[in-house]
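Asks: Next up is a structure, given as structure tokens.
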Protein chains: 2
Amino acid sequence: MKYLNSQEAIQIDNELMSETYKYTLSQLMELAGLSSSMAVEKVFTKKEKNVLILVGPGNNGGDGLVAARHLSIFGNKVYIHYPKPNKNFNHLLRQCESHKVLILDDLSNISVDFDVVIDAVFGFSFKGNKKKSYIEKYLTGILIIKGDIRDPFGKVIKFLNFTKIPIASIDIPSGYDVEKGNTDNLFVPALLISLTCPKLGVKNFKGRHFLGGRFIPNELEVKYELNTPSYHGSEQIVEITN
Amino acid sequence: MKYLNSQEAIQIDNELMSETYKYTLSQLMELAGLSSSMAVEKVFTKKEKNVLILVGPGNNGGDGLVAARHLSIFGNKVYIHYPKPNKNFNHLLRQCESHKVLILDDLSNISVDFDVVIDAVFGFSFKGNKKKSYIEKYLTGILIIKGDIRDPFGKVIKFLNFTKIPIASIDIPSGYDVEKGNTDNLFVPALLISLTCPKLGVKNFKGRHFLGGRFIPNELEVKYELNTPSYHGSEQIVEITN
């Protein structure tokens with residue numbers, strides 16, 4: 001199976017939404033978020049579990065909002081921490097609210113006993129080098145304010161790095177370099193849901209690993225030599241075994 | 001469980017896409033079409049089966065196009081008959097094409113041995129009385145041209161009425177009155193996938209019957225007293241047993 005470099009991941013995403021394949025972001029996000037929620041439900045089998053979803057500012061966060069709604073529909077008690085709402089996803093947030101997903105404003109004072117925390121903070125377009133110093137500063141415990149965009153998510157990465165709650169990451173663990181992986185010695189999730197195809201940075205990941213986002217046309221499979229594993233029947237996820 | 005009258009079905013659909021719940025048609029159609037494809041895959045278990053999808057001009061047809069794509073991704077050989085393409089769903093058609101779904105222009109000359117035909121022609125907004133005489137004319141074998149809108153679908157209903165291929169209907173069998181049901185003595189599908197909630201017109205349906213479209217907020221469940229059956233885990237369909 002192919003592990004995508006950053007350029008390939010971006011290209012495939014762009015191609016899917018090009019005039020050739022005409023997927024809408026809304027469709028891809030619905031299927032990606034649904035498959036992520038299904039993998040979480042498969043691995044964390046407790047009923048009515050408490051789920052915390054850390055939602056980032058971009059498309060990875062959008063996948064997280066979709067997953068939040070589905071996990072709530074599945075019967076779980078779902079909370080989101082969403083420090084920088086993206087106005088393009090107002091409808092996804094509203095859907096969460098109407099499905100009884102609760103909003104948790106402050107990670108430093110949690111009273112719920114969470115069974116799993118979903119990392120939907122940064123996806124494959126995260127620039128490792130650009131934000132590296134920022135994360136390092138947080139890891140050493142020194143709070144450096146670097147502007148509105150970066151500040152809330154430093155705290156979120158720090159939370160992921162120190163929490164004892166099992167983590168499920170969507171697409172790639174947040175803060176990992178998409179190609180070089182866990183160069184900053186960050187958290188290791190218990191579960192990873194790679195979307196479309198895994199990225200180079202998780203090639204050595206040892207936890208439970210599922211593939212989701214079952215929408216790649218065969219032409220793109222061939223063009224990028226993806227060799228993705230076969231899904232079974234109508235399932236939207238498939239486990240990757242090393 | 002509630003069986004919706006026509007007014008309720010229309011209202012719920014409108015409410016889902018209102019400012020209160022903010023679903024996009026694209027999201028609802030993706031989930032409805034996916035659940036329809038899953039029910040077909042569950043009931044018709046043959047691998048690489050030949051599937052024919054009859055696609056209507058409205059949203060029921062859109063659900064059919066989404067189902068066509070997913071059924072092709074599941075590994076089946078999928079054909080669509082789509083005599084009156086809806087330009088709002090050009091992207092769904094393009095997605096079908098890029099997933100190797102084939103277009104069948106003429107139902108009168110079929111050389112493929114189909115395992116199942118999916119009826120995605122008319123949904124809950126079909127006006128039984130308005131088109132009744134038209135269908136009756138077709139059933140008696142007299143071809144009456146009644147303009148571009150109605151003509152191709154009379155042939156399609158006639159095909160459904162006389163085919164020996166097992167039929168799977170999405171939401172309601174096409175040509176049925178949404179409330180009064182099979183008043184014109186039309187075909188009876190082997191499988192019915194009701195979306196959101198079944199309609200009054202299928203209350204006496206005896207075939208295999210699944211519910212799909214798992215996206216109703218609890219507020220609407222309560223408001224319309226739907227009492228829909230419980231889905232299991234992360235499944236997107238649930239069988240309705242009388």
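By order of appearance in the structure tokens: chains A, B, ..., then residues from 1 within every chain, and ligands from 1 in the order shown.
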Taking only C-alpha atoms into account and nothing else, which residues of chain A lie no more than 7 Å away from chain B? Please answer as JSON, numbers by chain.
Replies: {"A": [21, 22, 23, 26, 27, 30, 38, 41, 74, 91, 94, 95, 98, 99, 217, 218, 233, 234]}
Asks: Restricting the calculation to only C-alpha atoms, which member of B:His209, B:Lys2, B:Lys77, B:Lys84 is positioned closest to Val51 of chain B?
Replies: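 Between B:His209, B:Lys2, B:Lys77, B:Lys84, the residue approaching Val51 of chain B most closely is B:Lys77.
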Asks: Leaving out segment 157-174 of chain B and any residue of its chain fewer than 2 positions from it, which residues lie within 8 Å of it when counting only C-alpha atoms, given as a VMD selection string?
Replies: chain B and resid 36 40 60 63 to 64 107 114 to 124 126 135 138 to 139 153 to 155 176 178 186 to 195 198 to 199 201 to 202
Asks: Step one, run DSSP on the backbone; step two, keep only residues of segment 17-215 of chain B assigned to strand (DSSP E or B); then write them as a ChimeraX atom specification.
Replies: /B:50-55,77-81,102-103,116-120,167-170,177,181,191-195,199,208-212
Asks: Using DSSP on the backbone, list every residue of segment 17-186 of chain B that comes out as alpha helix (DSSP H), and give them as an MDAnalysis selection string.
Replies: chainID B and resid 25:43 59:73 90:98 128:139 151:162
